[in-house]
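Shown next, in C-alpha cells, is the structure this report addresses.
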Amino acid sequence: MIRKLFPYIGKYKTYTVLAPAAVIIEVFLEVNVPRTMTKIVDIGIANRDLDYILRMGAMMIIMAVTSLIMGALAARFASIAGTGFSKEIRKNMFYKIQDYSFANIDKFSTASLVTRLTSDVTNTQMTFMMMLRMMIRAPIMLIMATFMAVSINTRLSAVFMVAIPFMGIALYFIATRAYPKFRTMFKKLDRLNAVIQENLIGIRVVKAFVRGEYEEEKFRDIANKVRETQRRAEHIVIWNMPVMQFAMYGCMLAISWFGGNLIIAGDMLEGELMGFISYVTQILMSLMMISMVFVMLVISRASVSRIVEVLEEKPDITEKPSSEGIPVEDGSIRFENVSFGYGGPEGNKVLENINLSIESGEVVGIIGGTGSAKTTLVQLIPRLYDVLDGKVIVSGRDVRDFSLKTLRNSVAMVLQNNVLFSGTIKENLKWGNENATDEEIIEACKAAQAHAFIMSFPNGYDTVLGQGGVNVSGGQKQRLCIARALLKKPKIIILDDSTSAVDTVTDAKIREALKKYLAGTTVIIIAQRIASVIDADKIVVMDDGKINAVGSHETLLETNPIYREVYESQHQGVVENVGA
C-alpha cells in the first residue's frame with residue numbers, strides 16, 4: 001500500500017537517498033565506537049600505554065562527532081523529503097478531488113475528505129520520515145552490532161538470540177490486534193469533523209434556535225466515541241514499550257551474570273564485557289526502534305489506505321479523447337428520455353423519462369413542489385451529474401461530446417445557497433471572468449441590482465468579504481452571485497431560486513435588466529414564486545420527478561391544476577395583504 005505513494009516523492013528523490021546514506025555512515029561510525037573503547041581498556045589501560053590511549057581516544061571522539069554530524073544531516077534530509085512527500089500527496093489528492101463529480105464527493109463526504117487531506121497525510125508523512133531514518137538505521141545497526149557481539153563472545157550471544165523471537169511474536173500480536181481498531185478510530189474522526197463542520201457552518205441557526213446545549217451534547221457524544229475507540233487501540237499498542245523494555249533489561253541482567261562468570265573463569269576480559277554490553281544495548285535499541293516504526297506503520301496503514309482510496313477513485317464523469325476543441329455554438333437544450341437517480345442504477349430514480357426541448361435564447365421557467373427534482377434536472381446540463389438513461393443535448397450535441405471545461409464555461413449557474421470566497425468583492429466577481437474590465441464588472445452589477453449597495457460600502461468593489469460572505473446579507477449575496485454569472489457571458493444561464501432572498505420589486509428589476517443583458521442567451525429560472533416566471537416564453541411544471549405540463553402562463557392557468565393552485569394561493573395571499 002505504501003509503495004503506491006512512492007511516485008509522489010518526485011523532486012525530493014535526492015533527499016530521500018541522502019537521508020539513508022547519512023544514516024548508514026552514522027551507524028557505521030557508532031558501531032565502531034564500542035570496539036575502540038574495548039581496545040582502550042584491554043590494551044591501553046592494561047599495558048599502561050598512555051600514547052595508545054590518547055590516540056585511540058582521539059579516534060573515538062572523531063568517530064562520535066562525525067556520527068553526530070551525520071545524524072543531524074540525516075534528520076535534515078529526512079525532514080525535507082518527508083514534508084515534500086506530504087506536500088505532493090496533498091497536492092495530488094486535492095487535484096484529484098477537483099476532477100470528482102458530485103457523486104464521487106457524495107461517496108466520501110466533505111468531512112472525510114478533510115480528515116484524509118490533513119490527519120491521514122500527517123500520519124503518513126511521519127511514517128515516511130521514520131522509514132528514511134529508523135527503518136535504515138535499526139536493521140543495519142542490528143546486523144552490525146550482532147556481528148560485533150558474536151565476534152567478541154559467541155556463547156554470550158545466545159542470550160539476545162533468545163530474546164529476538166520473543167519480541168517478534170509480541171510485535172506481530174500487537175499489530176494484528178491494533179490495525180482494525182485504528183481503522184475504526186479514523187471513521188469516528190470523520191464523523192467528529194462532520195459534526196464540527198456542520199456546527200460552524202450553521203452557527204447562526206444554532207444560536208437563533210437556542211440549540212447550543214443540544215449541539216454540545218452531540219459533540220460530546222461523538223468526541224467520547226473517538227476517545228473510546230482510540231483508547232482501545234492505544235490499549236493494545238502501549239504494550240509495545242513494556243515488552244521491549246522487559247526483553248532489554250532481561251538481556252542486560254543475563255549478560256551481566258553470565259559475563260561476570262566468564263571474567264572470573266578467565267574466558268573473557270573486562271573490556272570485552274564492556275564492549276559486549278554496548279553492542280547488546282545497540283542491538284536492543286535497534287529492536288525497540290523497529291518496534292516503534294512497526295507501531296507507526298500499524299497506525300499509518302489505516303491512513304495510507306484511506307489516502308489511496310481517494311487517489312484511486314475513478315471519477316464517474318469522464319471526457320472523450322475527441323471532445324477537445326468542440327465548441328458550444330448556441331444555447332439550445334434538449335432532454336431525450338432522461339432518467340436519473342443519485343444511488344446509480346440500483347438507487348431510486350428521481351427523474352424519469354424527461355423529454356423537453358428549449359430553443360436557444362428562450363426564457364424558460366421551472367416550478368414545482370419541494371422534492372420534485374427541479375435542481376437535479378438543471379444539474380444534468382453542465383454534467384455535474386451524468387444521466388442514467390437517455391441524453392442531454394446542448395447545441396445539437398450530447399453533453400458528453402464536449403470537454404468539461406468547454407461545456408461548463410458555456411453554462412453559468414446561480415444557486416439558492418450561494419457561495420462567496422474570502423477576498424474582495426471584485427476578486428469574487430472575477431470568478432466569472434478573470435479578465436473582466438472594471439466597466440464590465442460595473443455593468444454586470446448594475447444588471448444584477450448590486451452596484452448601488454456595493455458603492456454604499458466605504459471601499460466599494462475593494463470591500464473585503466469574510467469567509468463565505470458573512471458580512472453581506474442573503475439578498476446581497478444572491479445579487480453578487482448573479483453578477484458573477486453574468487460576467488461569464490454564457491450561452492446558458494441557470495437561476496436556481498436565485499432571487500428568493502430579495503424583495504419582489506428588486507426581483508422584477510433584475511428580471512427586466514436581464515432581458516437586455518442576456519439577449520440571445522438561454523435563461524432557465526427555477527422559482528417558487530409565479531411572479532418570477534410569469535413572463536417566461538414557456539413554463540415547465542415538475543411533479544415527483546416528472547414533467548407534468550409545459551406551456552405559457554395563460555395556457556397553464558387554464559389547463560393545469562397544479563400551476564393554477566400555486567398561482568391562486570400566491571395571488572390570494574397578495575390580495576389579502578393589499579386588502580389588509
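Residues are referred to by chain and number: the chain letter is A, B, ... according to the order shown in the C-alpha cells, the number counts from 1 in that chain, and ligands are numbered separately from 1 in the order shown.
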
Q) Contacts of Leu465 (chain A) at 12 Å or less, counting only C-alpha atoms, minus same-chain residues fewer than 6 places along, as a ChimeraX atom specification? A) /A:419-429,454,457,459,471-473,476-477,480

Q | Ile441 (chain A) surroundings by only C-alpha atoms, 8 Å radius, close-in-sequence under 2 positions cut, as a VMD selection string | A | chain A and resid 426 429 436 to 439 443 to 445 483 487

**Q.** Shell of 10 Å around Met292 (chain A), only C-alpha atoms, local chain residues under 6 positions omitted, as a VMD selection string
**A.** chain A and resid 130 134 to 135 171 237 240 to 241 244 286 298

Picked from region 357-470 of chain A by DSSP as helix (DSSP H, G or I), as a PDB file with C-alpha atoms, in the first residue's frame:
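Written output follows (states_9.pdb):
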ATOM      1  CA  LYS A 374     -36.092  20.795 -10.357  1.00  0.00           C
ATOM      2  CA  THR A 375     -32.464  21.376  -9.326  1.00  0.00           C
ATOM      3  CA  THR A 376     -31.478  17.842 -10.277  1.00  0.00           C
ATOM      4  CA  LEU A 377     -32.818  18.418 -13.781  1.00  0.00           C
ATOM      5  CA  VAL A 378     -30.694  21.509 -14.465  1.00  0.00           C
ATOM      6  CA  GLN A 379     -27.560  19.985 -12.881  1.00  0.00           C
ATOM      7  CA  VAL A 399     -23.168  16.954 -23.500  1.00  0.00           C
ATOM      8  CA  ARG A 400     -20.745  14.007 -23.212  1.00  0.00           C
ATOM      9  CA  ASP A 401     -19.234  15.028 -26.565  1.00  0.00           C
ATOM     10  CA  LEU A 404     -15.994  19.554 -19.331  1.00  0.00           C
ATOM     11  CA  LYS A 405     -14.138  22.880 -19.437  1.00  0.00           C
ATOM     12  CA  THR A 406     -15.823  23.964 -22.680  1.00  0.00           C
ATOM     13  CA  LEU A 407     -19.288  22.853 -21.554  1.00  0.00           C
ATOM     14  CA  ARG A 408     -19.114  24.393 -18.091  1.00  0.00           C
ATOM     15  CA  ASN A 409     -17.623  27.641 -19.396  1.00  0.00           C
ATOM     16  CA  ILE A 425     -15.923  41.828  -3.957  1.00  0.00           C
ATOM     17  CA  LYS A 426     -14.047  42.420  -7.207  1.00  0.00           C
ATOM     18  CA  GLU A 427     -11.984  39.232  -6.759  1.00  0.00           C
ATOM     19  CA  ASN A 428     -15.182  37.238  -6.213  1.00  0.00           C
ATOM     20  CA  LEU A 429     -16.833  38.744  -9.285  1.00  0.00           C
ATOM     21  CA  ASP A 438     -13.930  47.469 -14.338  1.00  0.00           C
ATOM     22  CA  GLU A 439     -16.554  48.717 -16.800  1.00  0.00           C
ATOM     23  CA  GLU A 440     -17.769  45.153 -17.490  1.00  0.00           C
ATOM     24  CA  ILE A 441     -17.919  44.416 -13.763  1.00  0.00           C
ATOM     25  CA  ILE A 442     -19.974  47.543 -13.068  1.00  0.00           C
ATOM     26  CA  GLU A 443     -22.314  46.790 -15.975  1.00  0.00           C
ATOM     27  CA  ALA A 444     -22.956  43.243 -14.700  1.00  0.00           C
ATOM     28  CA  CYS A 445     -23.515  44.507 -11.154  1.00  0.00           C
ATOM     29  CA  LYS A 446     -25.995  47.113 -12.366  1.00  0.00           C
ATOM     30  CA  ALA A 447     -27.938  44.403 -14.206  1.00  0.00           C
ATOM     31  CA  HIS A 451     -23.948  48.210  -7.877  1.00  0.00           C
ATOM     32  CA  ALA A 452     -25.831  50.526  -5.514  1.00  0.00           C
ATOM     33  CA  PHE A 453     -25.216  48.539  -2.319  1.00  0.00           C
ATOM     34  CA  ILE A 454     -21.586  47.836  -3.321  1.00  0.00           C
ATOM     35  CA  MET A 455     -20.913  51.554  -3.641  1.00  0.00           C
ATOM     36  CA  GLY A 460     -16.702  49.868  -2.853  1.00  0.00           C
ATOM     37  CA  TYR A 461     -15.608  46.981  -5.052  1.00  0.00           C
ATOM     38  CA  ASP A 462     -12.468  46.557  -2.939  1.00  0.00           C
TER      39      ASP A 462
END

(Q) Residues within 6 Å of region 39-55 of chain A, please, as an MDAnalysis selection string. Count only C-alpha atoms; anything in the same chain fewer than 3 positions from it doesn't count. (A) chainID A and resid 36 58 271

Where does region 363-405 of chain A meet region 99-119 of chain A within 9 Å, residue by residue, with the nearest atom pair and distance in Å to one decimal for each, counting only C-alpha atoms, listed by chain and rising number, as a Markdown table?
| residue | atom | partner | partner_atom | distance |
| --- | --- | --- | --- | --- |
| A:Arg383 | CA | A:Ser101 | CA | 8.4 |
| A:Leu384 | CA | A:Ser101 | CA | 6.1 |
| A:Tyr385 | CA | A:Phe102 | CA | 6.5 |
| A:Asp386 | CA | A:Ser101 | CA | 8.9 |

Q: Name all residues at most 9 Å from Ile534 (chain A) (count only C-alpha atoms; drop same-chain ones fewer than 3 positions away) and give them as a list in words.
A: Gly365, Arg529, Ile530, Ala531, Asp537, Lys538, Ile539, Ser552, His553 and Glu554 of chain A

(Q) Which residues are close to Ala74 (chain A), i.e. within 12 Å by only C-alpha atoms, leaving aside same-chain residues fewer than 6 positions away? Reply as JSON, numbers by chain. (A) {"A": [15, 16, 17, 18, 19, 20, 21, 22, 23, 24, 25, 26, 27, 67, 68, 80, 81, 82, 129, 130, 131, 132, 133, 134, 136, 137]}

Q. Looking at only C-alpha atoms, which of A:Met252, A:Arg220, A:Asp496, A:Met93 is the one that sits closest to Glu313 (chain A)?
A.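 Of all the options, A:Met93 lies closest to Glu313 (chain A).
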
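Non-sequential neighbours of region 7-12 of chain A (distance at most 10 Å, separation of 2 or more positions within a chain, only C-alpha atoms) are Arg3, Lys4, Leu5, Thr14, Tyr15, Thr16, Val17, Phe77, Ala78, Ile80, Ala81, Gly82, Thr83, Gly84, Phe85, Ser86, Lys87, Glu88, Ile89, Arg90, Lys91 and Asn92 of chain A.
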
How would the residues just chosen look if you wrote them out with C-alpha atoms as a tab-separated table (two decimals), in the first residue's frame?
chain	number	residue	atom	x	y	z
A	3	ARG	CA	4.62	1.62	-2.34
A	4	LYS	CA	1.67	3.13	-4.21
A	5	LEU	CA	2.60	6.51	-2.74
A	14	THR	CA	17.78	13.30	-3.84
A	15	TYR	CA	16.96	13.98	-0.19
A	16	THR	CA	15.25	10.60	0.04
A	17	VAL	CA	18.55	8.98	-0.96
A	77	PHE	CA	17.37	15.38	4.73
A	78	ALA	CA	14.55	13.18	6.06
A	80	ILE	CA	12.89	17.88	3.71
A	81	ALA	CA	11.95	14.63	1.96
A	82	GLY	CA	9.05	13.96	4.37
A	83	THR	CA	7.47	17.41	4.15
A	84	GLY	CA	7.93	17.43	0.37
A	85	PHE	CA	6.39	13.95	0.15
A	86	SER	CA	3.33	15.04	2.14
A	87	LYS	CA	3.02	18.21	0.06
A	88	GLU	CA	2.94	16.18	-3.16
A	89	ILE	CA	0.37	13.75	-1.73
A	90	ARG	CA	-1.89	16.59	-0.58
A	91	LYS	CA	-1.49	18.39	-3.90
A	92	ASN	CA	-2.37	15.30	-5.91
